[in-house]
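Listing of target00.txt; format and content: compact mmCIF, C-alpha atoms.
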# COMPACT_ATOMS: atom_id res chain seq x y z
CA MET G 1 0.00 0.00 0.00
CA ALA G 2 1.29 3.45 -0.89
CA GLN G 3 2.24 5.67 2.00
CA GLU G 4 -0.32 8.27 1.00
CA SER G 5 -3.05 5.68 1.62
CA VAL G 6 -1.87 5.42 5.22
CA CYS G 7 -1.87 9.03 6.32
CA CYS G 8 0.90 11.41 5.31
CA PRO G 9 1.90 11.80 1.65
CA PRO G 10 5.49 11.05 0.56
CA GLY G 11 8.01 13.67 1.63
CA SER G 12 6.00 14.80 4.66
CA LEU G 13 7.65 16.39 7.64
CA PRO G 14 9.09 13.99 10.23
CA GLU G 15 8.40 13.77 13.93
CA LEU G 16 9.14 16.92 15.93
CA VAL G 17 9.98 16.66 19.60
CA ALA G 18 7.75 18.87 21.73
CA ASN G 19 9.67 21.53 23.66
CA HIS G 20 6.82 23.84 24.61
CA LYS G 21 5.95 24.79 28.18
CA ASP G 22 2.24 24.01 28.51
CA ALA G 23 -0.19 26.73 29.50
CA GLY G 24 -2.94 24.17 30.08
CA VAL G 25 -3.45 21.09 32.20
CA GLU G 26 -4.17 17.40 31.72
CA VAL G 27 -7.38 16.12 33.26
CA ASP G 28 -9.07 12.72 33.37
CA LEU G 29 -12.38 12.39 31.56
CA PRO G 30 -14.79 11.10 34.22
CA GLY G 31 -15.88 7.52 33.63
CA SER G 32 -13.22 6.98 30.98
CA ASP G 33 -9.58 5.98 30.60
CA MET G 34 -9.05 9.01 28.35
CA LYS G 35 -7.14 12.13 29.31
CA LEU G 36 -7.85 15.63 28.04
CA TYR G 37 -5.51 18.56 27.58
CA VAL G 38 -7.47 21.68 28.53
CA VAL G 39 -6.41 25.30 28.12
CA GLY G 40 -8.41 28.51 28.30
CA SER G 41 -11.92 29.09 29.56
CA GLY G 42 -15.39 30.06 28.47
CA ASP G 43 -18.46 28.44 26.99
CA LYS G 44 -17.17 28.44 23.39
CA VAL G 45 -15.04 25.33 22.94
CA VAL G 46 -12.63 24.24 20.24
CA ILE G 47 -11.93 20.51 20.26
CA HIS G 48 -8.58 19.89 18.61
CA PHE G 49 -7.79 16.54 17.02
CA TYR G 50 -4.06 15.86 16.81
CA ASP G 51 -1.92 14.20 14.15
CA ILE G 52 -0.39 10.72 14.34
CA PHE G 53 2.22 11.95 16.83
CA GLY G 54 -0.45 12.20 19.45
CA PHE G 55 -1.26 13.97 22.68
CA ASN G 56 2.02 15.85 23.08
CA GLY G 57 3.62 15.68 19.66
CA GLY G 58 5.38 18.56 17.95
CA ARG G 59 3.68 21.95 18.37
CA THR G 60 0.21 20.53 19.06
CA ARG G 61 -0.10 22.02 22.53
CA PHE G 62 1.51 25.29 21.46
CA VAL G 63 -1.12 25.62 18.70
CA CYS G 64 -3.87 25.00 21.26
CA ASP G 65 -2.41 27.37 23.84
CA GLN G 66 -2.26 30.14 21.26
CA MET G 67 -5.78 29.42 20.04
CA SER G 68 -7.13 29.69 23.57
CA LYS G 69 -5.97 33.31 23.63
CA GLN G 70 -8.71 34.05 21.10
CA GLY G 71 -11.21 33.60 23.92
CA TYR G 72 -11.93 29.87 23.69
CA LYS G 73 -11.58 26.85 25.87
CA VAL G 74 -9.47 24.46 23.79
CA VAL G 75 -9.60 20.74 24.53
CA VAL G 76 -7.47 17.93 23.09
CA PRO G 77 -8.91 14.45 23.70
CA ASP G 78 -6.27 11.73 23.90
CA ILE G 79 -8.05 9.28 21.64
CA TYR G 80 -4.82 7.26 21.29
CA ARG G 81 -4.77 6.67 25.08
CA GLY G 82 -1.11 7.57 25.53
CA ASP G 83 0.09 5.88 22.34
CA SER G 84 1.31 7.62 19.18
CA CYS G 85 3.65 7.22 16.23
CA ILE G 86 6.50 8.87 18.13
CA GLY G 87 9.54 6.65 17.64
CA LYS G 88 7.82 4.43 15.08
CA PRO G 89 9.22 4.08 11.56
CA MET G 90 7.17 6.00 9.02
CA THR G 91 6.43 2.92 6.94
CA PRO G 92 3.13 1.26 6.01
CA ASP G 93 4.05 -1.85 8.01
CA ALA G 94 4.29 0.26 11.16
CA LEU G 95 1.58 2.82 10.50
CA ILE G 96 -1.28 0.74 9.15
CA PRO G 97 -1.73 -1.46 12.26
CA PHE G 98 -1.44 1.60 14.49
CA VAL G 99 -3.96 3.77 12.67
CA LYS G 100 -6.46 0.98 12.09
CA GLN G 101 -6.95 0.62 15.85
CA PHE G 102 -8.77 3.94 15.90
CA THR G 103 -11.90 3.36 13.87
CA CYS G 104 -14.33 6.13 13.06
CA GLU G 105 -16.81 4.53 15.45
CA LYS G 106 -14.32 4.82 18.32
CA VAL G 107 -13.44 8.38 17.40
CA VAL G 108 -17.08 9.47 17.31
CA ALA G 109 -17.94 7.70 20.58
CA ASP G 110 -14.95 9.28 22.35
CA THR G 111 -15.84 12.72 21.01
CA GLU G 112 -19.46 12.37 22.09
CA ALA G 113 -18.28 11.55 25.61
CA VAL G 114 -16.00 14.58 25.64
CA MET G 115 -18.75 16.91 24.41
CA LYS G 116 -21.19 15.57 27.00
CA TYR G 117 -18.66 16.27 29.76
CA LEU G 118 -17.94 19.76 28.42
CA LYS G 119 -21.63 20.61 28.23
CA GLU G 120 -21.91 19.64 31.88
CA GLN G 121 -19.08 22.13 32.48
CA GLY G 122 -21.05 24.89 30.73
CA ALA G 123 -20.03 24.61 27.07
CA THR G 124 -22.64 26.01 24.70
CA LYS G 125 -20.95 25.92 21.30
CA PHE G 126 -18.27 23.79 19.65
CA ALA G 127 -15.89 23.93 16.71
CA ALA G 128 -13.35 21.34 15.59
CA THR G 129 -9.78 21.77 14.42
CA GLY G 130 -7.37 19.10 13.33
CA THR G 131 -4.05 18.34 11.70
CA CYS G 132 -3.44 15.35 9.41
CA TRP G 133 -5.22 12.35 11.02
CA GLY G 134 -7.19 14.79 13.16
CA ALA G 135 -9.04 16.27 10.18
CA TRP G 136 -10.19 12.78 9.14
CA ALA G 137 -11.34 12.23 12.72
CA PHE G 138 -13.48 15.34 12.98
CA TYR G 139 -14.93 14.90 9.48
CA HIS G 140 -16.43 11.66 10.78
CA CYS G 141 -17.80 13.50 13.81
CA CYS G 142 -19.39 16.10 11.56
CA ALA G 143 -20.75 13.40 9.25
CA GLN G 144 -22.43 11.75 12.23
CA GLY G 145 -24.14 14.97 13.26
CA LEU G 146 -22.13 15.92 16.34
CA GLU G 147 -22.79 19.51 17.33
CA PHE G 148 -19.86 21.26 15.67
CA SER G 149 -20.48 24.73 14.24
CA ALA G 150 -17.39 24.65 12.01
CA GLY G 151 -14.25 22.69 11.22
CA VAL G 152 -10.69 23.72 10.36
CA GLY G 153 -8.38 21.16 8.77
CA TRP G 154 -4.66 21.85 8.41
CA HIS G 155 -3.05 19.47 5.86
CA PRO G 156 -6.04 17.11 6.15
CA SER G 157 -5.51 13.35 5.67
CA LEU G 158 -8.97 12.44 4.45
CA ASN G 159 -7.33 9.70 2.38
CA LEU G 160 -7.40 7.55 5.52
CA GLU G 161 -10.87 6.50 4.37
CA GLU G 162 -9.18 4.38 1.71
CA MET G 163 -7.30 2.41 4.35
CA PHE G 164 -10.64 1.32 5.77
CA GLY G 165 -11.91 0.34 2.33
CA ARG G 166 -14.11 3.40 1.87
CA GLU G 167 -14.19 6.36 -0.51
CA VAL G 168 -13.11 9.84 0.57
CA LEU G 169 -15.95 11.56 -1.27
CA ASP G 170 -18.54 9.33 0.36
CA LEU G 171 -17.39 10.73 3.71
CA VAL G 172 -17.22 14.33 2.54
CA LYS G 173 -20.74 14.18 1.09
CA LYS G 174 -22.08 13.53 4.60
CA VAL G 175 -20.49 16.65 6.09
CA LYS G 176 -22.96 19.52 6.45
CA VAL G 177 -20.84 21.82 8.63
CA PRO G 178 -18.83 24.84 7.35
CA GLN G 179 -15.23 23.87 6.64
CA LEU G 180 -11.89 25.58 6.16
CA LEU G 181 -9.24 23.49 4.40
CA LEU G 182 -5.57 24.53 4.58
CA PRO G 183 -3.63 21.92 2.58
CA ALA G 184 0.11 21.75 1.99
CA GLY G 185 1.73 21.52 -1.42
CA ASN G 186 2.10 17.73 -1.30
CA ASP G 187 -1.44 17.08 -0.12
CA PRO G 188 -3.93 15.53 -2.58
CA ASP G 189 -5.45 17.77 -5.22
CA TYR G 190 -8.99 16.95 -4.07
CA VAL G 191 -8.54 19.05 -0.88
CA LYS G 192 -7.12 22.02 -2.81
CA PRO G 193 -9.05 24.86 -4.50
CA GLY G 194 -11.40 23.40 -7.10
CA GLY G 195 -10.75 19.86 -5.89
CA ALA G 196 -13.34 17.11 -5.74
CA ALA G 197 -13.72 17.20 -1.94
CA VAL G 198 -14.18 20.97 -2.03
CA LYS G 199 -16.83 20.67 -4.74
CA ALA G 200 -18.61 17.94 -2.76
CA LEU G 201 -18.81 20.22 0.27
CA GLU G 202 -20.12 23.07 -1.87
CA GLU G 203 -22.75 20.77 -3.38
CA ASN G 204 -23.88 19.99 0.17
CA GLY G 205 -24.69 23.67 0.57
CA VAL G 206 -21.82 23.97 3.03
CA GLU G 207 -19.79 27.16 3.26
CA VAL G 208 -16.25 26.10 2.46
CA GLU G 209 -13.05 28.10 2.29
CA VAL G 210 -9.77 26.76 0.94
CA LYS G 211 -6.24 28.12 0.93
CA ASP G 212 -3.39 25.94 -0.19
CA TYR G 213 0.27 26.50 0.62
CA PRO G 214 2.26 25.22 -2.39
CA LYS G 215 5.67 25.55 -0.73
CA ALA G 216 4.56 24.07 2.59
CA ILE G 217 5.03 20.38 3.38
CA HIS G 218 2.37 18.15 4.92
CA GLY G 219 2.68 18.50 8.69
CA TYR G 220 3.58 22.19 8.58
CA MET G 221 1.22 23.36 11.34
CA ALA G 222 2.53 20.94 13.96
CA ARG G 223 6.01 20.09 12.70
CA ALA G 224 7.50 22.73 10.37
CA ASP G 225 10.98 24.16 10.95
CA MET G 226 10.19 27.55 12.44
CA ALA G 227 13.71 28.73 11.68
CA ASP G 228 12.61 28.81 8.03
CA PRO G 229 11.05 32.22 7.20
CA GLU G 230 8.80 30.71 4.51
CA ALA G 231 7.48 28.12 6.95
CA VAL G 232 6.82 30.84 9.51
CA ASN G 233 4.87 32.87 6.94
CA ASP G 234 2.73 29.87 5.99
CA VAL G 235 2.03 28.88 9.59
CA GLU G 236 1.15 32.44 10.56
CA ASP G 237 -1.16 32.89 7.58
CA ALA G 238 -2.89 29.54 8.15
CA THR G 239 -3.29 30.41 11.83
CA ALA G 240 -4.81 33.81 11.07
CA ARG G 241 -7.25 32.28 8.58
CA ALA G 242 -8.28 29.65 11.13
CA TYR G 243 -8.91 32.29 13.80
CA LYS G 244 -11.03 34.37 11.43
CA PHE G 245 -13.06 31.32 10.40
CA LEU G 246 -13.61 30.19 13.98
CA GLU G 247 -14.67 33.67 15.05
CA LYS G 248 -17.31 33.70 12.32
CA TYR G 249 -18.99 30.57 13.67
CA LEU G 250 -18.24 30.61 17.40
CA LYS G 251 -18.55 34.23 18.46

Give the structure from this file in structure tokens form.
Amino acid sequence: MAQESVCCPPGSLPELVANHKDAGVEVDLPGSDMKLYVVGSGDKVVIHFYDIFGFNGGRTRFVCDQMSKQGYKVVVPDIYRGDSCIGKPMTPDALIPFVKQFTCEKVVADTEAVMKYLKEQGATKFAATGTCWGAWAFYHCCAQGLEFSAGVGWHPSLNLEEMFGREVLDLVKKVKVPQLLLPAGNDPDYVKPGGAAVKALEENGVEVEVKDYPKAIHGYMARADMADPEAVNDVEDATARAYKFLEKYLK
């Protein structure tokens, strides 16, 4: 199986060791073996779905800490339960068995439990953000009717559907929630401007915005080299677009 059918397309950015001092805290989800990373406060909540490097990979928590400064509570559910692809070879033989553990049914059930808990804590409105695997995860949540007002996908790996023997467009056609797609240069054409996934969302009557970053590499939001001025420009632009989109649907 080609690597792009697993998750990340060929030439994607490698693992990045997290070196960020967290502004948030880890909490246990009551009645579950799942932990949550929680930062910020308020009744408007962004649930962030991480990439294959998991709960504390790369800049995931930094991205969430910064997003919370926009006036949101940001929550990262540890759907992988402490596991991740950190230290694993980026080969199909290693990645396929790992990723296939986390079916869409498990992802949706976990997210429902998180949203129920957050509502009990006073949450009134939700949006979803995700990188790589995380975009695939929240597309399934949206397709199943979970109460998200909007979704933001940085370098989305919707191609994971193929690993489960399903078609990407069949998933996208079930999504009826406004979406912002921010693909990298080596992401599939169907998530870029004019692509088949974008057209499918538009045909659903969904408001969809797309901005691709031709010089960026898949993984840029969580794993780009921030010593590279071009990478910094792309990350900053993609961040600003995400904030504007979230404000439109959460505020």

Next item on the list: Write out as a PyMOL selection string which residues come within 9 Å of G:Ala238 when counting only C-alpha atoms, dropping same-chain ones fewer than 3 positions away.
Entry: chain G and resi 154+182+211+213+221+233-235+241-243

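Nearest residue to G:Cys64 among G:Met226, G:Val107, G:Ala197, G:Val38 is G:Val38, counting all atoms listed in the file.
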
Counting only C-alpha atoms, closest pick from G:Asn56, G:Ser68, G:Gln179, G:Ser84 relative to G:Gln101 is G:Ser84

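Considering the residues G:Asp170, G:Asp28, G:Glu209, G:Glu203 and counting only C-alpha atoms, G:Asp78 has its shortest atom-to-atom contact with G:Asp28.
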
Name all residues at most 8 Å from G:Gly71 (count all atoms listed in the file; drop same-chain ones fewer than 6 positions away) and give them as a PyMOL selection string. chain G and resi 40-42+44

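Near (-22.5, 24.6, 3.4), the residues that fall inside 12 Å on the basis of only C-alpha atoms are Ser149, Ala150, Gly151, Val172, Lys173, Lys174, Val175, Lys176, Val177, Pro178, Gln179, Leu180, Val198, Lys199, Ala200, Leu201, Glu202, Glu203, Asn204, Gly205, Val206, Glu207, Val208 and Glu209 of chain G.
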
Preceding selection exported with C-alpha atoms as a CSV table (one decimal), in the frame of the given file:
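Below is the file that was written, selection-v1.csv:
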chain,number,residue,atom,x,y,z
G,149,SER,CA,-20.5,24.7,14.2
G,150,ALA,CA,-17.4,24.6,12.0
G,151,GLY,CA,-14.2,22.7,11.2
G,172,VAL,CA,-17.2,14.3,2.5
G,173,LYS,CA,-20.7,14.2,1.1
G,174,LYS,CA,-22.1,13.5,4.6
G,175,VAL,CA,-20.5,16.6,6.1
G,176,LYS,CA,-23.0,19.5,6.4
G,177,VAL,CA,-20.8,21.8,8.6
G,178,PRO,CA,-18.8,24.8,7.4
G,179,GLN,CA,-15.2,23.9,6.6
G,180,LEU,CA,-11.9,25.6,6.2
G,198,VAL,CA,-14.2,21.0,-2.0
G,199,LYS,CA,-16.8,20.7,-4.7
G,200,ALA,CA,-18.6,17.9,-2.8
G,201,LEU,CA,-18.8,20.2,0.3
G,202,GLU,CA,-20.1,23.1,-1.9
G,203,GLU,CA,-22.8,20.8,-3.4
G,204,ASN,CA,-23.9,20.0,0.2
G,205,GLY,CA,-24.7,23.7,0.6
G,206,VAL,CA,-21.8,24.0,3.0
G,207,GLU,CA,-19.8,27.2,3.3
G,208,VAL,CA,-16.2,26.1,2.5
G,209,GLU,CA,-13.0,28.1,2.3

Here atom CA of G:Thr239 and atom CA of G:Met67 stand apart by 8.6 Å

Please produce, as a Markdown table, a per-residue contact table for stretch 94-213 of chain G versus stretch 87-90 of chain G (criterion: any atom at most 12 Å away, all atoms listed in the file considered), showing the nearest atom pair and its distance in Å to one decimal, sorted by chain then residue number.
| residue | atom | partner | partner_atom | distance |
| --- | --- | --- | --- | --- |
| G:Ala94 | CA | G:Pro89 | CA | 6.2 |
| G:Leu95 | CA | G:Met90 | CA | 6.6 |
| G:Ile96 | CA | G:Met90 | CA | 10.0 |
| G:Pro97 | CA | G:Lys88 | CA | 11.6 |
| G:Phe98 | CA | G:Lys88 | CA | 9.7 |
| G:Val99 | CA | G:Met90 | CA | 11.9 |

Checklist entry - If we count only C-alpha atoms, what is near G:Val27 at a cut-off of 7 Å, once residues fewer than 3 positions away on the same chain are taken out, given as a ChimeraX atom specification? => result /G:35-37

task: Within 10 Å of G:Thr111, counting all atoms listed in the file, which residues show up once you throw out same-chain ones fewer than 2 positions away? Write them as a count of residues only, please.
output: 18

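When only C-alpha atoms are used to measure the gap to G:Leu29, the shortest distance among G:Val76, G:Ile217, G:Val152, G:Ala196 belongs to G:Val76.
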
- Item | Residue neighbourhood G:Phe62, 8 Å, all atoms listed in the file, exclusion window fewer than 3 positions, as a ChimeraX atom specification | /G:20,22,59,65-66

Counting all atoms listed in the file, the residue among G:Gly31, G:Gly219, G:Pro229, G:Gly57 that lies closest to G:Cys132 is G:Gly219

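The spacing separating atom CA of G:Phe126 from atom CA of G:Val46 amounts to 5.7 Å.
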
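Of the listed residues G:Gln70, G:Thr131, G:Asn19, G:Thr124, the one whose atoms come nearest to G:Val45 is G:Thr124, with distances taken using all atoms listed in the file.
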
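Atom CA of G:His48 is positioned 15.2 Å from atom CA of G:Arg81.
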